[in-house]
Amino acid sequence: MNESLVLNNSSATLLAGEALPWMEADSPELNSSLQFSTAPADFAINPWDIMLCMSGTVIACENAIVVAIIFYTPTLRTPMFVLIGSLATADLLAGMGLILNFVFQYVISSETISLITVGFLVTSFTASISSLLAITVDRYFSLYNALTYFSEKTLQYVHLMLLGTWGVSLFLGLLPVLGWNCLDDPASCSIVRPLTRINVTLLATSFFVIFVLMLALYFKICKIVCHHAHQIALQQHFFATPHYVATKKGVSTLAIILGTFGASWLPFAIYCLVGEREYPSVYTYATLLPATYNSMINPIIYAYRNAEIQRSLYVLLCGCFQTNKSYRSRSPSEV
């Protein structure tokens with residue numbers, strides 16, 4: 001018996017015009033949600049699972065490069081890059097989790113491994129979202145306390161944020177493994193089996209809290225940036241074009257960050273609250289797949305746009321970049 005994340009229905013399900021041979025239509029527990037269930041060796045592969053695996057592969061490759069660059073570059077030890085490294089690590093684990101889920105779904109048969117896989121995915125995606133909040137907090141303090149930002153206290157509170165981020169993420173990921181699942185009570189299943197409805201509601205609510213906090217912090221960041229630009233304009237008796245362009249670019253960047261984050265995760269979070277296990281699982285797949293794209297976009301927004309990471313990447317890939325060229329260490333608000 002193979003515990004896997006598959007599409008089930010109370011009647012024979014058609015995929016590409018043919019009945020899936022790995023469906024168990026006569027089982028009274030089957031529903032239209034993503035869930036772990038049995039599958040014989042001869043089966044068709046769900047195209048949604050293929051897309052999730054491909055997404056996980058891209059995510060893992062992108063973020064593995066970022067993690068390698070930060071780990072092997074001694075100069076990238078500032079609080080900003082520590083948080084970016086945490087985000088890249090979480091997204092790397094999420095990508096690996098999607099790949100392993102595909103392998104365990106169609107190759108290995110074990111209920112225990114399936115529970116560990118879903119817990120692994122919950123932990124990694126929760127850590128990714130929480131790391132985004134930590135980066136937002138760091139950017140806010142880099143502007144609000146600009147004079148004291150580059151101090152040992154900053155590194156200490158960054159370590160505390162990371163400890164809280166990964167501690168809470170690990171706790172939420174262990175809940176299904178430690179027994180908070182619906183394997184023994186199918187009626188309590190959510191749109192993603194074996195997570196219970198209460199478990200999924202808790203995760204979705206946590207996302208909305210983080211999203212609101214990020215929205216509030218970025219709004220304050222915009223006010224600080226605009227206030228600084230206004231002060232410079234008053235000192236120079238006019239709003240200089242370079243400051244106007246920089247301010248506009250900064251606000252646009254913040255809009256892109258929040259817009260990407262919201263567009264990726266909001267559909268799935270909302271569906272987790274309103275969706276029922278009897279709904280067609282295509283809805284779950286269609287909202288979950290865009291959520292994975294956020295982990296694909298994160299390294300582009302937070303890492304590859306940074307000049308120091310670009311320099312380190314050139315050194316890593318070709319080894320011909322002028323390593324003695326000086327680079328200014330930028331604050332989080334400039335990233």
# chains A, B, ... in the order shown; residues from 1 in each chain; ligands from 1
>>> residues_around(residues="region 81-97 of chain A", least_positions_apart="6", cutoff="8 Å", atoms="only C-alpha atoms", output="PyMOL selection string")
chain A and resi 55-64+66-67+70+117+120-121+124-125+127-128+131-132+134-135+158+162+295-296+298-299+302-303
>>> write_last_selection(atoms="N, CA and C atoms", output="JSON list (two decimals), in the first residue's frame")
[["chain", "number", "residue", "atom", "x", "y", "z"],
["A", 55, "SER", "N", 7.95, 22.46, -10.10],
["A", 55, "SER", "CA", 8.08, 23.69, -9.33],
["A", 55, "SER", "C", 9.07, 23.51, -8.19],
["A", 56, "GLY", "N", 8.99, 22.36, -7.51],
["A", 56, "GLY", "CA", 9.92, 22.08, -6.43],
["A", 56, "GLY", "C", 11.36, 21.98, -6.90],
["A", 57, "THR", "N", 11.57, 21.44, -8.10],
["A", 57, "THR", "CA", 12.92, 21.33, -8.65],
["A", 57, "THR", "C", 13.53, 22.70, -8.91],
["A", 58, "VAL", "N", 12.74, 23.59, -9.53],
["A", 58, "VAL", "CA", 13.22, 24.94, -9.80],
["A", 58, "VAL", "C", 13.51, 25.68, -8.49],
["A", 59, "ILE", "N", 12.59, 25.55, -7.53],
["A", 59, "ILE", "CA", 12.77, 26.20, -6.22],
["A", 59, "ILE", "C", 14.05, 25.73, -5.55],
["A", 60, "ALA", "N", 14.27, 24.42, -5.54],
["A", 60, "ALA", "CA", 15.45, 23.86, -4.88],
["A", 60, "ALA", "C", 16.73, 24.35, -5.54],
["A", 61, "CYS", "N", 16.77, 24.37, -6.86],
["A", 61, "CYS", "CA", 17.98, 24.80, -7.57],
["A", 61, "CYS", "C", 18.29, 26.28, -7.31],
["A", 62, "GLU", "N", 17.26, 27.13, -7.41],
["A", 62, "GLU", "CA", 17.45, 28.57, -7.20],
["A", 62, "GLU", "C", 17.98, 28.86, -5.79],
["A", 63, "ASN", "N", 17.33, 28.29, -4.82],
["A", 63, "ASN", "CA", 17.68, 28.61, -3.43],
["A", 63, "ASN", "C", 18.94, 27.90, -2.96],
["A", 64, "ALA", "N", 19.29, 26.77, -3.56],
["A", 64, "ALA", "CA", 20.54, 26.11, -3.21],
["A", 64, "ALA", "C", 21.73, 27.00, -3.57],
["A", 66, "VAL", "N", 21.70, 30.32, -3.64],
["A", 66, "VAL", "CA", 21.73, 31.41, -2.67],
["A", 66, "VAL", "C", 22.33, 30.94, -1.35],
["A", 67, "VAL", "N", 21.92, 29.77, -0.87],
["A", 67, "VAL", "CA", 22.45, 29.24, 0.38],
["A", 67, "VAL", "C", 23.96, 29.02, 0.26],
["A", 70, "ILE", "N", 25.85, 32.48, 0.33],
["A", 70, "ILE", "CA", 25.91, 33.09, 1.66],
["A", 70, "ILE", "C", 26.80, 32.28, 2.59],
["A", 117, "THR", "N", 6.44, 13.55, 5.45],
["A", 117, "THR", "CA", 6.54, 14.42, 4.28],
["A", 117, "THR", "C", 5.63, 15.64, 4.41],
["A", 120, "PHE", "N", 7.03, 17.91, 6.95],
["A", 120, "PHE", "CA", 8.21, 18.59, 6.40],
["A", 120, "PHE", "C", 7.79, 19.78, 5.54],
["A", 121, "LEU", "N", 6.76, 19.59, 4.72],
["A", 121, "LEU", "CA", 6.27, 20.69, 3.87],
["A", 121, "LEU", "C", 5.66, 21.80, 4.70],
["A", 124, "SER", "N", 8.60, 23.76, 6.33],
["A", 124, "SER", "CA", 9.40, 24.57, 5.40],
["A", 124, "SER", "C", 8.62, 25.77, 4.88],
["A", 125, "PHE", "N", 7.37, 25.58, 4.49],
["A", 125, "PHE", "CA", 6.60, 26.70, 3.98],
["A", 125, "PHE", "C", 6.27, 27.70, 5.10],
["A", 127, "ALA", "N", 8.20, 28.26, 7.70],
["A", 127, "ALA", "CA", 9.46, 28.97, 7.92],
["A", 127, "ALA", "C", 9.73, 30.00, 6.83],
["A", 128, "SER", "N", 9.34, 29.69, 5.60],
["A", 128, "SER", "CA", 9.53, 30.63, 4.50],
["A", 128, "SER", "C", 8.70, 31.90, 4.72],
["A", 131, "SER", "N", 10.03, 33.83, 7.69],
["A", 131, "SER", "CA", 11.28, 34.51, 7.36],
["A", 131, "SER", "C", 11.00, 35.81, 6.60],
["A", 132, "LEU", "N", 9.97, 35.81, 5.77],
["A", 132, "LEU", "CA", 9.59, 37.04, 5.08],
["A", 132, "LEU", "C", 9.18, 38.11, 6.08],
["A", 134, "ALA", "N", 10.24, 38.26, 9.19],
["A", 134, "ALA", "CA", 11.47, 38.66, 9.87],
["A", 134, "ALA", "C", 12.27, 39.66, 9.04],
["A", 135, "ILE", "N", 12.33, 39.44, 7.73],
["A", 135, "ILE", "CA", 13.02, 40.38, 6.85],
["A", 135, "ILE", "C", 12.33, 41.73, 6.86],
["A", 158, "VAL", "N", 18.16, 39.46, 15.65],
["A", 158, "VAL", "CA", 18.00, 38.65, 14.43],
["A", 158, "VAL", "C", 18.04, 37.16, 14.78],
["A", 162, "LEU", "N", 15.06, 34.39, 14.33],
["A", 162, "LEU", "CA", 15.25, 33.12, 13.63],
["A", 162, "LEU", "C", 14.90, 31.94, 14.54],
["A", 295, "SER", "N", 7.99, 30.82, -3.39],
["A", 295, "SER", "CA", 9.33, 30.35, -3.06],
["A", 295, "SER", "C", 10.26, 30.39, -4.27],
["A", 296, "MET", "N", 9.67, 30.41, -5.46],
["A", 296, "MET", "CA", 10.46, 30.51, -6.68],
["A", 296, "MET", "C", 10.87, 31.95, -6.96],
["A", 298, "ASN", "N", 11.04, 34.40, -4.47],
["A", 298, "ASN", "CA", 11.77, 34.98, -3.34],
["A", 298, "ASN", "C", 13.26, 35.21, -3.60],
["A", 299, "PRO", "N", 14.01, 34.22, -4.13],
["A", 299, "PRO", "CA", 15.44, 34.47, -4.36],
["A", 299, "PRO", "C", 15.70, 35.57, -5.36],
["A", 302, "TYR", "N", 14.82, 38.96, -3.19],
["A", 302, "TYR", "CA", 15.62, 39.24, -2.00],
["A", 302, "TYR", "C", 17.10, 38.96, -2.16],
["A", 303, "ALA", "N", 17.50, 38.15, -3.14],
["A", 303, "ALA", "CA", 18.91, 37.76, -3.24],
["A", 303, "ALA", "C", 19.57, 38.20, -4.53]]
>>> residues_around(residues="region 270-277 of chain A", least_positions_apart="2", cutoff="10 Å", atoms="only C-alpha atoms", output="compact mmCIF listing (two decimals) with all heavy atoms, in the first residue's frame")
# COMPACT_ATOMS: atom_id res chain seq x y z
N LEU A 30 -13.34 7.79 0.49
CA LEU A 30 -12.74 8.61 -0.56
C LEU A 30 -13.50 9.91 -0.72
O LEU A 30 -14.72 9.97 -0.58
CB LEU A 30 -12.74 7.84 -1.88
CG LEU A 30 -11.82 6.59 -1.89
CD1 LEU A 30 -11.88 5.93 -3.24
CD2 LEU A 30 -10.41 6.96 -1.52
N ASN A 31 -12.79 10.96 -1.04
CA ASN A 31 -13.41 12.25 -1.28
C ASN A 31 -12.64 12.95 -2.37
O ASN A 31 -11.72 12.40 -2.94
CB ASN A 31 -13.43 13.09 0.01
CG ASN A 31 -12.04 13.23 0.59
OD1 ASN A 31 -11.19 13.86 -0.01
ND2 ASN A 31 -11.82 12.62 1.75
N SER A 32 -13.03 14.16 -2.67
CA SER A 32 -12.44 14.89 -3.80
C SER A 32 -11.31 15.79 -3.39
O SER A 32 -11.01 16.76 -4.07
CB SER A 32 -13.54 15.72 -4.48
OG SER A 32 -14.58 14.88 -4.92
N SER A 33 -10.70 15.53 -2.25
CA SER A 33 -9.63 16.40 -1.79
C SER A 33 -8.28 15.76 -1.98
O SER A 33 -8.16 14.56 -2.23
CB SER A 33 -9.83 16.74 -0.31
OG SER A 33 -9.72 15.58 0.46
N LEU A 34 -7.24 16.58 -1.85
CA LEU A 34 -5.88 16.04 -1.83
C LEU A 34 -5.75 15.20 -0.58
O LEU A 34 -6.08 15.63 0.51
CB LEU A 34 -4.86 17.18 -1.77
CG LEU A 34 -4.68 17.98 -3.04
CD1 LEU A 34 -3.85 19.19 -2.71
CD2 LEU A 34 -4.02 17.16 -4.11
N GLN A 35 -5.25 13.99 -0.74
CA GLN A 35 -5.14 13.15 0.44
C GLN A 35 -4.14 12.05 0.21
O GLN A 35 -3.74 11.75 -0.90
CB GLN A 35 -6.49 12.56 0.83
CG GLN A 35 -7.07 11.63 -0.24
CD GLN A 35 -8.34 10.95 0.24
OE1 GLN A 35 -8.32 10.14 1.14
NE2 GLN A 35 -9.43 11.31 -0.35
N PRO A 186 -11.79 10.18 9.16
CA PRO A 186 -11.90 10.82 7.84
C PRO A 186 -12.85 12.00 7.80
O PRO A 186 -12.68 12.91 7.00
CB PRO A 186 -12.40 9.68 6.94
CG PRO A 186 -11.98 8.43 7.64
CD PRO A 186 -12.07 8.73 9.10
N ALA A 187 -13.84 12.01 8.69
CA ALA A 187 -14.81 13.11 8.69
C ALA A 187 -14.18 14.44 9.08
O ALA A 187 -14.71 15.50 8.74
CB ALA A 187 -15.97 12.79 9.63
N SER A 188 -13.06 14.39 9.77
CA SER A 188 -12.39 15.63 10.21
C SER A 188 -11.34 16.12 9.22
O SER A 188 -10.66 17.11 9.49
CB SER A 188 -11.74 15.41 11.58
OG SER A 188 -10.68 14.47 11.49
N CYS A 189 -11.21 15.45 8.08
CA CYS A 189 -10.18 15.82 7.11
C CYS A 189 -10.48 17.17 6.46
O CYS A 189 -11.63 17.58 6.31
CB CYS A 189 -10.07 14.75 6.02
SG CYS A 189 -9.27 13.24 6.56
N SER A 190 -9.42 17.84 6.07
CA SER A 190 -9.52 19.12 5.38
C SER A 190 -9.35 18.89 3.88
O SER A 190 -9.40 17.75 3.40
CB SER A 190 -8.44 20.07 5.89
OG SER A 190 -7.15 19.58 5.53
N ILE A 191 -9.12 19.95 3.14
CA ILE A 191 -8.91 19.83 1.70
C ILE A 191 -7.59 19.14 1.39
O ILE A 191 -7.36 18.72 0.25
CB ILE A 191 -8.94 21.21 1.02
CG1 ILE A 191 -7.86 22.12 1.61
CG2 ILE A 191 -10.31 21.84 1.15
CD1 ILE A 191 -7.69 23.43 0.87
N VAL A 192 -6.72 19.06 2.39
CA VAL A 192 -5.44 18.35 2.24
C VAL A 192 -5.35 17.30 3.32
O VAL A 192 -5.08 17.60 4.48
CB VAL A 192 -4.24 19.32 2.33
CG1 VAL A 192 -2.92 18.55 2.18
CG2 VAL A 192 -4.33 20.39 1.26
N ARG A 193 -5.60 16.07 2.97
CA ARG A 193 -5.47 14.97 3.90
C ARG A 193 -4.00 14.57 4.01
O ARG A 193 -3.31 14.60 3.00
CB ARG A 193 -6.30 13.78 3.40
CG ARG A 193 -6.55 12.69 4.42
CD ARG A 193 -7.53 11.66 3.84
NE ARG A 193 -7.85 10.65 4.81
CZ ARG A 193 -7.26 9.47 4.88
NH1 ARG A 193 -6.29 9.17 4.04
NH2 ARG A 193 -7.62 8.59 5.78
N THR A 196 -6.08 17.91 9.48
CA THR A 196 -7.46 18.11 9.91
C THR A 196 -7.92 19.52 9.53
O THR A 196 -7.12 20.39 9.21
CB THR A 196 -7.60 17.93 11.43
OG1 THR A 196 -6.83 18.96 12.08
CG2 THR A 196 -7.08 16.57 11.86
N ARG A 197 -9.22 19.71 9.58
CA ARG A 197 -9.77 21.02 9.26
C ARG A 197 -9.27 22.08 10.24
O ARG A 197 -8.97 23.22 9.86
CB ARG A 197 -11.31 20.96 9.29
CG ARG A 197 -12.01 22.26 8.94
CD ARG A 197 -11.71 22.66 7.52
NE ARG A 197 -12.24 23.97 7.21
CZ ARG A 197 -13.45 24.18 6.69
NH1 ARG A 197 -14.24 23.16 6.44
NH2 ARG A 197 -13.86 25.39 6.42
N ILE A 198 -9.16 21.71 11.52
CA ILE A 198 -8.67 22.65 12.54
C ILE A 198 -7.22 23.02 12.27
O ILE A 198 -6.82 24.18 12.39
CB ILE A 198 -8.83 22.05 13.95
CG1 ILE A 198 -10.30 21.79 14.27
CG2 ILE A 198 -8.23 22.98 14.99
CD1 ILE A 198 -10.53 21.13 15.60
N ASN A 199 -6.43 22.03 11.88
CA ASN A 199 -5.01 22.28 11.59
C ASN A 199 -4.85 23.24 10.43
O ASN A 199 -4.08 24.21 10.50
CB ASN A 199 -4.33 20.94 11.26
CG ASN A 199 -2.81 21.05 11.31
OD1 ASN A 199 -2.25 22.12 11.16
ND2 ASN A 199 -2.16 19.92 11.50
N VAL A 200 -5.58 23.01 9.36
CA VAL A 200 -5.49 23.87 8.18
C VAL A 200 -6.00 25.28 8.51
O VAL A 200 -5.45 26.28 8.03
CB VAL A 200 -6.28 23.25 7.01
CG1 VAL A 200 -6.44 24.25 5.87
CG2 VAL A 200 -5.58 22.00 6.49
N THR A 201 -7.06 25.37 9.30
CA THR A 201 -7.58 26.68 9.70
C THR A 201 -6.54 27.45 10.51
O THR A 201 -6.37 28.67 10.33
CB THR A 201 -8.86 26.51 10.53
OG1 THR A 201 -9.85 25.82 9.75
CG2 THR A 201 -9.42 27.87 10.94
N LEU A 202 -5.82 26.75 11.39
CA LEU A 202 -4.77 27.38 12.18
C LEU A 202 -3.66 27.92 11.27
O LEU A 202 -3.20 29.05 11.45
CB LEU A 202 -4.19 26.38 13.16
CG LEU A 202 -2.95 26.83 13.96
CD1 LEU A 202 -3.29 28.03 14.84
CD2 LEU A 202 -2.42 25.68 14.81
N LEU A 203 -3.26 27.13 10.28
CA LEU A 203 -2.21 27.56 9.36
C LEU A 203 -2.67 28.77 8.53
O LEU A 203 -1.90 29.72 8.33
CB LEU A 203 -1.82 26.41 8.44
CG LEU A 203 -1.14 25.21 9.11
CD1 LEU A 203 -0.95 24.08 8.11
CD2 LEU A 203 0.19 25.61 9.71
N ALA A 204 -3.91 28.73 8.04
CA ALA A 204 -4.42 29.83 7.24
C ALA A 204 -4.54 31.10 8.07
O ALA A 204 -4.20 32.20 7.61
CB ALA A 204 -5.77 29.46 6.63
N THR A 205 -5.02 30.97 9.29
CA THR A 205 -5.14 32.14 10.17
C THR A 205 -3.78 32.74 10.47
O THR A 205 -3.61 33.97 10.49
CB THR A 205 -5.84 31.74 11.48
OG1 THR A 205 -7.12 31.16 11.19
CG2 THR A 205 -6.04 32.95 12.36
N PHE A 207 -1.22 32.66 8.53
CA PHE A 207 -0.80 33.40 7.33
C PHE A 207 -1.42 34.79 7.30
O PHE A 207 -0.73 35.77 6.99
CB PHE A 207 -1.20 32.63 6.07
CG PHE A 207 -1.16 33.47 4.83
CD1 PHE A 207 0.04 33.75 4.19
CD2 PHE A 207 -2.33 34.02 4.31
CE1 PHE A 207 0.09 34.54 3.06
CE2 PHE A 207 -2.29 34.81 3.18
CZ PHE A 207 -1.08 35.07 2.55
N PHE A 208 -2.72 34.89 7.56
CA PHE A 208 -3.38 36.20 7.52
C PHE A 208 -2.79 37.15 8.55
O PHE A 208 -2.65 38.35 8.28
CB PHE A 208 -4.89 36.04 7.73
CG PHE A 208 -5.62 35.51 6.53
CD1 PHE A 208 -6.21 34.26 6.55
CD2 PHE A 208 -5.70 36.26 5.37
CE1 PHE A 208 -6.87 33.77 5.44
CE2 PHE A 208 -6.36 35.79 4.26
CZ PHE A 208 -6.96 34.53 4.29
N TRP A 265 -0.09 33.46 -2.06
CA TRP A 265 -0.61 32.69 -0.94
C TRP A 265 -2.07 32.95 -0.60
O TRP A 265 -2.73 32.08 0.00
CB TRP A 265 0.25 32.94 0.30
CG TRP A 265 1.49 32.13 0.33
CD1 TRP A 265 2.77 32.54 0.07
CD2 TRP A 265 1.60 30.74 0.64
NE1 TRP A 265 3.66 31.51 0.19
CE2 TRP A 265 2.97 30.38 0.54
CE3 TRP A 265 0.68 29.74 0.99
CZ2 TRP A 265 3.42 29.08 0.78
CZ3 TRP A 265 1.13 28.45 1.23
CH2 TRP A 265 2.49 28.14 1.12
N LEU A 266 -2.59 34.12 -0.93
CA LEU A 266 -3.97 34.43 -0.53
C LEU A 266 -5.01 33.45 -1.07
O LEU A 266 -5.90 33.02 -0.32
CB LEU A 266 -4.33 35.86 -0.95
CG LEU A 266 -3.90 36.97 0.02
CD1 LEU A 266 -4.22 38.35 -0.57
CD2 LEU A 266 -4.59 36.80 1.37
N PRO A 267 -4.95 33.06 -2.37
CA PRO A 267 -5.96 32.10 -2.86
C PRO A 267 -5.99 30.79 -2.07
O PRO A 267 -7.06 30.30 -1.70
CB PRO A 267 -5.55 31.88 -4.32
CG PRO A 267 -4.80 33.11 -4.70
CD PRO A 267 -4.07 33.51 -3.46
N PHE A 268 -4.82 30.24 -1.79
CA PHE A 268 -4.77 28.97 -1.06
C PHE A 268 -5.22 29.16 0.39
O PHE A 268 -5.94 28.31 0.93
CB PHE A 268 -3.36 28.40 -1.10
CG PHE A 268 -3.22 27.07 -0.42
CD1 PHE A 268 -3.85 25.94 -0.93
CD2 PHE A 268 -2.49 26.94 0.74
CE1 PHE A 268 -3.74 24.71 -0.30
CE2 PHE A 268 -2.36 25.72 1.39
CZ PHE A 268 -2.99 24.59 0.85
N TYR A 279 -15.07 18.89 -1.95
CA TYR A 279 -14.91 19.68 -3.17
C TYR A 279 -13.90 19.00 -4.10
O TYR A 279 -13.00 18.28 -3.64
CB TYR A 279 -14.42 21.08 -2.83
CG TYR A 279 -15.43 21.97 -2.12
CD1 TYR A 279 -15.08 23.25 -1.72
CD2 TYR A 279 -16.71 21.52 -1.85
CE1 TYR A 279 -16.00 24.06 -1.05
CE2 TYR A 279 -17.63 22.32 -1.19
CZ TYR A 279 -17.26 23.59 -0.78
OH TYR A 279 -18.15 24.39 -0.13
N PRO A 280 -14.04 19.21 -5.42
CA PRO A 280 -13.06 18.64 -6.36
C PRO A 280 -11.65 19.10 -6.03
O PRO A 280 -11.40 20.27 -5.75
CB PRO A 280 -13.52 19.20 -7.71
CG PRO A 280 -14.96 19.50 -7.53
CD PRO A 280 -15.12 19.93 -6.10
N SER A 281 -10.71 18.17 -6.04
CA SER A 281 -9.36 18.51 -5.63
C SER A 281 -8.63 19.39 -6.63
O SER A 281 -7.56 19.91 -6.33
CB SER A 281 -8.54 17.24 -5.38
OG SER A 281 -8.01 16.75 -6.56
N TYR A 283 -9.46 22.26 -7.34
CA TYR A 283 -9.44 23.57 -6.69
C TYR A 283 -8.24 23.69 -5.75
O TYR A 283 -7.59 24.73 -5.68
CB TYR A 283 -10.73 23.81 -5.92
CG TYR A 283 -11.99 23.81 -6.76
CD1 TYR A 283 -13.22 23.44 -6.22
CD2 TYR A 283 -11.95 24.18 -8.11
CE1 TYR A 283 -14.37 23.43 -6.99
CE2 TYR A 283 -13.10 24.16 -8.88
CZ TYR A 283 -14.30 23.78 -8.33
OH TYR A 283 -15.44 23.78 -9.09
N THR A 284 -7.96 22.62 -5.02
CA THR A 284 -6.82 22.64 -4.11
C THR A 284 -5.52 22.74 -4.88
O THR A 284 -4.63 23.53 -4.54
CB THR A 284 -6.82 21.37 -3.24
OG1 THR A 284 -8.08 21.25 -2.58
CG2 THR A 284 -5.71 21.44 -2.21
N THR A 287 -4.94 26.26 -6.39
CA THR A 287 -4.55 27.32 -5.44
C THR A 287 -3.21 27.02 -4.78
O THR A 287 -2.49 27.95 -4.40
CB THR A 287 -5.63 27.48 -4.35
OG1 THR A 287 -5.90 26.21 -3.74
CG2 THR A 287 -6.92 28.03 -4.95
N LEU A 288 -2.87 25.74 -4.65
CA LEU A 288 -1.60 25.38 -4.02
C LEU A 288 -0.41 25.63 -4.94
O LEU A 288 0.64 26.08 -4.49
CB LEU A 288 -1.63 23.90 -3.60
CG LEU A 288 -0.34 23.35 -2.99
CD1 LEU A 288 0.03 24.12 -1.72
CD2 LEU A 288 -0.49 21.86 -2.69
>>> closest_residue(among="A:Ala286, A:Ile224, A:Phe171, A:Thr260", to="Ile300 (chain A)", atoms="only C-alpha atoms")
A:Thr260
>>> select_by_dssp(residues="region 21-266 of chain A", states="helix (DSSP H, G or I)", output="JSON, numbers by chain")
{"A": [47, 48, 49, 50, 51, 52, 53, 54, 55, 56, 57, 58, 59, 60, 61, 62, 63, 64, 65, 66, 67, 68, 69, 70, 71, 72, 79, 80, 81, 82, 83, 84, 85, 86, 87, 88, 89, 90, 91, 92, 93, 94, 95, 96, 97, 98, 99, 100, 101, 102, 103, 104, 105, 106, 111, 112, 113, 114, 115, 116, 117, 118, 119, 120, 121, 122, 123, 124, 125, 126, 127, 128, 129, 130, 131, 132, 133, 134, 135, 136, 137, 138, 139, 140, 141, 142, 143, 144, 152, 153, 154, 155, 156, 157, 158, 159, 160, 161, 162, 163, 164, 165, 166, 167, 168, 169, 170, 171, 172, 173, 174, 175, 176, 177, 186, 187, 188, 197, 198, 199, 200, 201, 202, 203, 204, 205, 206, 207, 208, 209, 210, 211, 212, 213, 214, 215, 216, 217, 218, 219, 220, 221, 222, 223, 224, 225, 226, 227, 228, 229, 230, 231, 232, 233, 234, 235, 241, 242, 243, 244, 245, 246, 247, 248, 249, 250, 251, 252, 253, 254, 255, 256, 257, 258, 259, 260, 261, 262, 263, 264, 265, 266]}
>>> residues_around(residues="Met161 (chain A)", least_positions_apart="4", cutoff="10 Å", atoms="only C-alpha atoms", output="PyMOL selection string")
chain A and resi 83+130-131+133-135+137-138+155-157+165-167
>>> write_last_selection(atoms="C-alpha atoms", output="PDB file, in the first residue's frame")
ATOM      1  CA  LEU A  83      17.769  36.513   7.283  1.00  0.00           C
ATOM      2  CA  SER A 130       7.845  33.634   8.770  1.00  0.00           C
ATOM      3  CA  SER A 131      11.278  34.515   7.364  1.00  0.00           C
ATOM      4  CA  LEU A 133       8.061  38.647   8.159  1.00  0.00           C
ATOM      5  CA  ALA A 134      11.472  38.660   9.874  1.00  0.00           C
ATOM      6  CA  ILE A 135      13.023  40.377   6.847  1.00  0.00           C
ATOM      7  CA  VAL A 137      10.865  43.639  10.632  1.00  0.00           C
ATOM      8  CA  ASP A 138      14.594  43.966   9.957  1.00  0.00           C
ATOM      9  CA  LEU A 155      22.523  40.524  15.401  1.00  0.00           C
ATOM     10  CA  GLN A 156      21.139  39.309  18.720  1.00  0.00           C
ATOM     11  CA  TYR A 157      17.532  40.190  17.895  1.00  0.00           C
ATOM     12  CA  THR A 165      10.657  31.461  13.313  1.00  0.00           C
ATOM     13  CA  TRP A 166      12.092  27.966  13.087  1.00  0.00           C
ATOM     14  CA  GLY A 167      10.808  26.914  16.512  1.00  0.00           C
TER      15      GLY A 167
END
>>> closest_residue(among="A:Gly164, A:Pro290, A:Gly173, A:Gly259", to="Tyr218 (chain A)", atoms="only C-alpha atoms")
A:Gly259
>>> atom_distance(atom1="CA of Thr154 (chain A)", atom2="CA of Tyr140 (chain A)")
12.2 Å
>>> closest_residue(among="A:Leu147, A:Val107, A:Cys226, A:Val282", to="Trp48 (chain A)", atoms="only C-alpha atoms")
A:Val282
>>> atom_distance(atom1="CA of Met51 (chain A)", atom2="CA of Asn101 (chain A)")
12.2 Å
>>> closest_residue(among="A:Pro74, A:Leu289, A:Ile129, A:Gln105", to="Leu213 (chain A)", atoms="only C-alpha atoms")
A:Ile129
